[in-house]
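*Asks:* This one is work_38.csv, CSV, C-alpha atoms.
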```csv
chain,number,residue,atom,x,y,z
A,1,MET,CA,10.4,17.9,-7.2
A,2,LYS,CA,10.9,15.8,-10.3
A,3,PRO,CA,8.0,13.6,-11.4
A,4,PHE,CA,8.4,9.8,-11.4
A,5,THR,CA,7.4,8.3,-14.8
A,6,PHE,CA,6.0,4.8,-15.1
A,7,LYS,CA,5.0,3.1,-18.3
A,8,GLN,CA,1.3,3.9,-18.1
A,9,PHE,CA,1.2,6.9,-15.7
A,10,LYS,CA,3.2,9.6,-14.2
A,11,ILE,CA,3.5,10.6,-10.5
A,12,GLU,CA,3.9,14.3,-9.7
A,13,GLN,CA,5.8,14.6,-6.4
A,14,SER,CA,6.1,17.3,-3.7
A,15,LYS,CA,8.6,18.1,-1.0
A,16,ASP,CA,5.6,18.0,1.5
A,17,VAL,CA,4.5,14.5,0.6
A,18,PHE,CA,6.5,11.3,0.8
A,19,ARG,CA,7.8,10.5,-2.7
A,20,VAL,CA,7.6,7.3,-4.6
A,21,GLY,CA,9.4,4.5,-2.7
A,22,THR,CA,10.1,0.8,-2.9
A,23,ASP,CA,7.5,-0.1,-0.2
A,24,GLY,CA,4.7,1.4,-2.2
A,25,VAL,CA,5.9,-0.1,-5.5
A,26,LEU,CA,6.0,-3.6,-3.9
A,27,LEU,CA,2.5,-3.3,-2.4
A,28,GLY,CA,1.1,-2.0,-5.6
A,29,ALA,CA,2.6,-4.9,-7.5
A,30,LEU,CA,2.0,-7.7,-5.0
A,31,ALA,CA,-1.4,-6.9,-3.3
A,32,ASN,CA,-4.1,-9.3,-4.3
A,33,ILE,CA,-6.3,-7.2,-6.6
A,34,HIS,CA,-7.5,-9.8,-9.0
A,35,SER,CA,-11.1,-10.4,-7.8
A,36,ALA,CA,-11.7,-6.9,-6.4
A,37,SER,CA,-14.2,-4.5,-7.8
A,38,ARG,CA,-14.2,-1.9,-5.0
A,39,VAL,CA,-10.8,-0.9,-3.4
A,40,LEU,CA,-10.1,1.5,-0.6
A,41,GLU,CA,-6.6,2.8,0.0
A,42,VAL,CA,-5.8,4.3,3.4
A,43,GLY,CA,-3.1,7.0,3.2
A,44,THR,CA,-2.6,7.6,-0.5
A,45,GLY,CA,0.4,9.9,-0.4
A,46,THR,CA,1.1,10.4,-4.1
A,47,GLY,CA,-1.6,7.9,-5.2
A,48,LEU,CA,1.0,5.4,-6.4
A,49,ILE,CA,-0.4,2.2,-5.0
A,50,SER,CA,-4.0,2.9,-6.3
A,51,LEU,CA,-2.6,3.7,-9.7
A,52,MET,CA,-0.6,0.5,-9.9
A,53,LEU,CA,-3.5,-1.5,-8.7
A,54,ALA,CA,-5.8,0.2,-11.3
A,55,GLN,CA,-3.4,-0.7,-14.0
A,56,ARG,CA,-3.4,-4.3,-12.8
A,57,ASN,CA,-7.2,-4.6,-12.6
A,58,PRO,CA,-9.0,-2.7,-15.3
A,59,GLN,CA,-12.5,-3.4,-13.7
A,60,ALA,CA,-11.8,-2.2,-10.2
A,61,HIS,CA,-12.9,1.2,-8.8
A,62,PHE,CA,-10.9,3.1,-6.2
A,63,LEU,CA,-11.3,5.4,-3.3
A,64,GLY,CA,-8.2,6.9,-1.7
A,65,LEU,CA,-8.1,8.7,1.7
A,66,ASP,CA,-5.4,10.8,3.2
A,67,ILE,CA,-5.4,13.0,6.3
A,68,ASN,CA,-2.7,15.2,4.8
A,69,GLY,CA,-4.2,18.0,2.7
A,70,ASP,CA,-1.1,18.3,0.5
A,71,ALA,CA,-1.2,14.6,-0.2
A,72,ALA,CA,-4.9,14.7,-1.1
A,73,VAL,CA,-4.3,17.5,-3.6
A,74,LEU,CA,-1.3,15.6,-5.1
A,75,THR,CA,-3.3,12.3,-5.3
A,76,LYS,CA,-6.2,14.1,-7.0
A,77,LEU,CA,-3.8,15.5,-9.6
A,78,ASN,CA,-2.1,12.2,-10.3
A,79,PHE,CA,-5.5,10.4,-10.5
A,80,GLU,CA,-6.9,13.0,-12.9
A,81,ASN,CA,-3.8,12.7,-15.2
A,82,ALA,CA,-4.0,8.9,-15.4
A,83,LEU,CA,-5.5,7.0,-18.4
A,84,PHE,CA,-7.8,5.2,-16.0
A,85,HIS,CA,-8.9,8.4,-14.1
A,86,ALA,CA,-12.6,7.6,-14.4
A,87,ARG,CA,-12.2,4.7,-11.9
A,88,LEU,CA,-10.2,6.7,-9.3
A,89,LYS,CA,-11.5,9.0,-6.6
A,90,ASN,CA,-9.9,10.4,-3.5
A,91,ARG,CA,-10.8,12.5,-0.4
A,92,HIS,CA,-9.0,14.6,2.2
A,93,GLN,CA,-10.2,12.4,5.1
A,94,ASP,CA,-9.1,11.1,8.5
A,95,PHE,CA,-9.6,7.3,8.3
A,96,LYS,CA,-10.4,7.3,12.1
A,97,THR,CA,-13.6,9.2,11.4
A,98,PHE,CA,-14.4,7.8,7.9
A,99,GLU,CA,-17.9,6.4,7.7
A,100,THR,CA,-19.7,4.7,4.8
A,101,GLU,CA,-22.3,2.1,4.1
A,102,GLU,CA,-20.1,0.8,1.2
A,103,ARG,CA,-18.0,-2.3,1.7
A,104,PHE,CA,-14.7,-3.0,-0.1
A,105,ASP,CA,-13.2,-6.1,-1.7
A,106,LEU,CA,-9.7,-4.8,-0.9
A,107,VAL,CA,-8.5,-2.4,1.8
A,108,VAL,CA,-4.8,-1.6,1.1
A,109,SER,CA,-2.4,0.6,3.1
A,110,ASN,CA,1.3,1.4,3.5
A,111,PRO,CA,0.6,2.6,7.0
A,112,PRO,CA,2.5,5.0,9.3
A,113,TYR,CA,5.2,3.4,11.4
A,114,PHE,CA,7.8,5.8,12.6
A,115,GLU,CA,7.2,6.7,16.3
A,116,GLU,CA,9.3,9.9,16.2
A,117,SER,CA,10.1,12.3,13.5
A,118,GLY,CA,11.2,15.9,13.0
A,119,SER,CA,9.3,17.2,10.0
A,120,GLU,CA,5.6,18.0,9.7
A,121,LYS,CA,5.1,15.6,6.7
A,122,ASP,CA,6.8,12.8,8.7
A,123,LYS,CA,4.5,13.6,11.6
A,124,ILE,CA,1.4,13.3,9.5
A,125,ALA,CA,2.3,10.5,7.1
A,126,ARG,CA,4.5,8.2,9.3
A,127,GLN,CA,3.8,8.7,13.0
A,128,THR,CA,1.6,6.3,14.8
A,129,VAL,CA,0.1,9.2,16.7
A,130,GLU,CA,-2.1,10.0,13.7
A,131,LEU,CA,-3.2,6.4,12.9
A,132,ASN,CA,-2.0,3.5,15.0
A,133,PHE,CA,-2.1,-0.1,13.8
A,134,ARG,CA,-4.9,-1.1,16.1
A,135,GLN,CA,-7.2,1.7,14.7
A,136,LEU,CA,-6.2,0.8,11.2
A,137,ILE,CA,-7.0,-2.9,11.6
A,138,ALA,CA,-10.3,-2.3,13.5
A,139,ASN,CA,-11.6,0.1,10.9
A,140,ALA,CA,-10.5,-2.0,8.0
A,141,ALA,CA,-12.3,-5.0,9.5
A,142,GLN,CA,-15.5,-3.1,9.5
A,143,LEU,CA,-15.2,-2.0,5.9
A,144,LEU,CA,-14.4,-5.3,4.2
A,145,SER,CA,-16.9,-7.1,2.1
A,146,GLU,CA,-17.7,-10.8,3.0
A,147,ASN,CA,-14.7,-12.1,1.0
A,148,GLY,CA,-12.7,-8.9,1.2
A,149,ILE,CA,-8.9,-8.7,1.7
A,150,PHE,CA,-6.9,-6.4,3.9
A,151,SER,CA,-3.4,-5.9,2.5
A,152,VAL,CA,-0.5,-3.9,4.1
A,153,ILE,CA,3.3,-3.5,4.0
A,154,ILE,CA,4.9,-3.0,7.5
A,155,PRO,CA,8.3,-3.3,9.1
A,156,VAL,CA,9.1,-6.9,10.1
A,157,GLU,CA,9.5,-6.0,13.7
A,158,ALA,CA,5.7,-5.1,13.8
A,159,GLY,CA,4.6,-8.3,12.3
A,160,ASP,CA,3.6,-10.4,15.3
A,161,VAL,CA,1.7,-7.6,17.0
A,162,PHE,CA,-0.1,-6.8,13.7
A,163,ILE,CA,-1.1,-10.4,13.2
A,164,SER,CA,-2.4,-10.9,16.7
A,165,THR,CA,-4.3,-7.6,16.5
A,166,GLY,CA,-5.8,-8.8,13.3
A,167,LYS,CA,-7.1,-12.0,15.1
A,168,GLU,CA,-8.6,-9.8,17.8
A,169,ASN,CA,-10.7,-8.2,15.0
A,170,HIS,CA,-11.6,-11.5,13.4
A,171,LEU,CA,-9.1,-11.0,10.5
A,172,PHE,CA,-6.9,-14.0,9.9
A,173,LEU,CA,-3.5,-14.0,8.1
A,174,ASN,CA,-3.8,-15.7,4.7
A,175,ARG,CA,-0.6,-14.5,3.0
A,176,LYS,CA,2.8,-13.4,4.2
A,177,ILE,CA,5.6,-12.2,2.0
A,178,ASN,CA,9.0,-11.8,3.7
A,179,ILE,CA,10.8,-9.0,1.9
A,180,LYS,CA,14.6,-8.8,2.0
A,181,GLY,CA,16.5,-5.7,0.8
A,182,ILE,CA,19.4,-7.7,-0.5
A,183,GLU,CA,20.1,-11.4,-1.0
A,184,ASN,CA,21.3,-13.3,2.1
A,185,SER,CA,20.1,-10.6,4.5
A,186,LYS,CA,17.3,-10.6,7.0
A,187,ALA,CA,13.8,-9.6,6.0
A,188,LYS,CA,13.1,-6.0,6.6
A,189,ARG,CA,9.5,-5.6,5.5
A,190,LEU,CA,6.4,-7.8,5.4
A,191,ILE,CA,3.4,-7.8,3.1
A,192,LEU,CA,0.5,-9.2,5.1
A,193,GLU,CA,-2.9,-10.1,3.7
A,194,PHE,CA,-5.9,-10.9,5.9
A,195,SER,CA,-9.5,-12.0,5.5
A,196,SER,CA,-12.3,-13.1,7.7
A,197,GLN,CA,-11.7,-16.7,6.6
A,198,GLU,CA,-9.1,-18.9,8.4
A,199,LYS,CA,-6.9,-20.5,5.7
A,200,GLU,CA,-3.6,-22.1,5.3
A,201,ILE,CA,-1.0,-19.3,5.2
A,202,ASN,CA,0.7,-18.8,1.9
A,203,GLU,CA,4.2,-17.7,2.9
A,204,SER,CA,6.9,-16.6,0.4
A,205,GLU,CA,10.1,-14.6,0.2
A,206,PHE,CA,10.9,-11.7,-2.0
A,207,ILE,CA,14.4,-10.2,-2.7
A,208,ILE,CA,14.8,-6.6,-4.0
A,209,GLU,CA,18.5,-6.6,-4.8
A,210,LYS,CA,20.9,-9.4,-5.7
A,211,SER,CA,23.8,-7.1,-4.9
A,212,PRO,CA,24.1,-3.4,-4.0
A,213,ARG,CA,22.3,-1.2,-6.6
A,214,GLN,CA,21.6,-4.3,-8.7
A,215,TYR,CA,17.9,-5.3,-8.8
A,216,SER,CA,17.1,-9.0,-8.5
A,217,ASP,CA,15.6,-10.9,-11.3
A,218,GLN,CA,12.5,-11.3,-9.1
A,219,TYR,CA,12.1,-7.5,-8.7
A,220,LEU,CA,12.7,-6.9,-12.4
A,221,GLU,CA,10.1,-9.5,-13.4
A,222,LEU,CA,7.6,-8.1,-10.9
A,223,THR,CA,7.9,-4.5,-12.0
A,224,LYS,CA,8.4,-4.9,-15.7
A,225,GLU,CA,4.9,-3.6,-16.6
A,226,PHE,CA,5.5,-0.5,-14.4
A,227,HIS,CA,9.2,0.6,-14.3
A,228,ILE,CA,11.0,2.1,-17.2
A,229,PHE,CA,14.5,0.7,-16.8
A,230,LYS,CA,17.3,2.3,-18.7
```
Take the structure in the file and give it back as structure tokens.
*Replies:*
Amino acid sequence: MKPFTFKQFKIEQSKDVFRVGTDGVLLGALANIHSASRVLEVGTGTGLISLMLAQRNPQAHFLGLDINGDAAVLTKLNFENALFHARLKNRHQDFKTFETEERFDLVVSNPPYFEESGSEKDKIARQTVELNFRQLIANAAQLLSENGIFSVIIPVEAGDVFISTGKENHLFLNRKINIKGIENSKAKRLILEFSSQEKEINESEFIIEKSPRQYSDQYLELTKEFHIFK
């Protein structure tokens, strides 16, 4: 499969691992990385999100986990090929059984959300059978530092349950980005950020395309340090 080339790194891809997609790009560009020094990514796939965050914060160090062995191999390759490879590590690891004394300033994930699927890669990367939202939230809550942030991108339909489950685990919504695929449409994705502190929620809207196959000015501005637009 053809690699995906960004301005500062290249993503090798595989038919057995979900390729570079808009959800990952948005989370990599919008997650709050500014004050983080230790970052954990749950479900690395190709390693895209960690690589984008590493570009945005040159002081942060990263650990990526993926239950899929093919994804772990691909992430390792993409991490090793990056200019900032010294700050990037990954493991072939099931997050449900991940244990460490370390605490993270940012836990970030583009988590599984399809309930049913035909292929093996879908089954591992996207089905909630492998890692459901409740497990993800509970484990993330245990791994955050005192001022740590938990940042995810999920389907809009899952938002209310995800937010209420966060509260059950003493994680409070601080930031919400309603993502629309095209202008004047309904939101299809949410970027949600949680911390252990209750704060006024910072809510905003993000539009990917202003018309079919025409990126919005908002998207072009957000990704100008990453994408190579022809």
*Asks:* So that I can see what lies close to stretch 97-108 of chain A, please list as a count of residues only the residues with an atom at most 6 Å from it, counting only C-alpha atoms and leaving out residues fewer than 6 positions away in the same chain.
*Replies:* 13
*Asks:* For stretch 76-81 of chain A, work out the shell of residues within 12 Å, counting all atoms listed in the file and skipping chain neighbours fewer than 4 positions away, then give it as a PyMOL selection string.
*Replies:* chain A and resi 3-6+8-14+44-52+54-55+61-66+69-72+85-92
*Asks:* Can you tell me which residues surround stretch 192-208 of chain A at a distance of at most 8 Å, considering only C-alpha atoms, apart from same-chain residues fewer than 6 positions away, and format the answer as a count of residues only?
*Replies:* 29
*Asks:* If we count only C-alpha atoms, what is near A:Leu220 at a cut-off of 12 Å, once residues fewer than 5 positions away on the same chain are taken out, given as a list in words?
*Replies:*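 These residues fall inside the cut-off: Val25, Leu26, Ala29, Phe206, Ile207, Ile208, Glu209, Lys210, Gln214, Tyr215, Glu225, Phe226, His227, Ile228 and Phe229 of chain A.
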*Asks:* Please produce a file of the residues just selected, as a CSV table (one decimal), in the coordinates of the input, where the atoms kept are C-alpha atoms.
*Replies:*
```csv
chain,number,residue,atom,x,y,z
A,25,VAL,CA,5.9,-0.1,-5.5
A,26,LEU,CA,6.0,-3.6,-3.9
A,29,ALA,CA,2.6,-4.9,-7.5
A,206,PHE,CA,10.9,-11.7,-2.0
A,207,ILE,CA,14.4,-10.2,-2.7
A,208,ILE,CA,14.8,-6.6,-4.0
A,209,GLU,CA,18.5,-6.6,-4.8
A,210,LYS,CA,20.9,-9.4,-5.7
A,214,GLN,CA,21.6,-4.3,-8.7
A,215,TYR,CA,17.9,-5.3,-8.8
A,225,GLU,CA,4.9,-3.6,-16.6
A,226,PHE,CA,5.5,-0.5,-14.4
A,227,HIS,CA,9.2,0.6,-14.3
A,228,ILE,CA,11.0,2.1,-17.2
A,229,PHE,CA,14.5,0.7,-16.8
```
*Asks:* A:Asn132, A:Asn184, A:Asp217, A:Arg189: which is nearest A:Thr22, counting all atoms listed in the file?
*Replies:*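 Among the listed residues, A:Arg189 lies closest to A:Thr22.
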*Asks:* Show me the residues around (16.2, -6.9, 11.5) - criterion: an atom at most 8 Å away, only C-alpha atoms counted - as a PyMOL selection string.
*Replies:* chain A and resi 156-157+186-188
*Asks:* How many Å separate atom CA of A:Lys7 from atom CA of A:Asn68?
*Replies:*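 The value is 27.2 Å.
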*Asks:* Just to confirm, what's the straight-line distance from atom CA of A:Ser164 to atom CA of A:Val42 in Å (one decimal)?
*Replies:*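 Taking atom CA of A:Ser164 as the start and atom CA of A:Val42 as the end point, the length is 20.5 Å.
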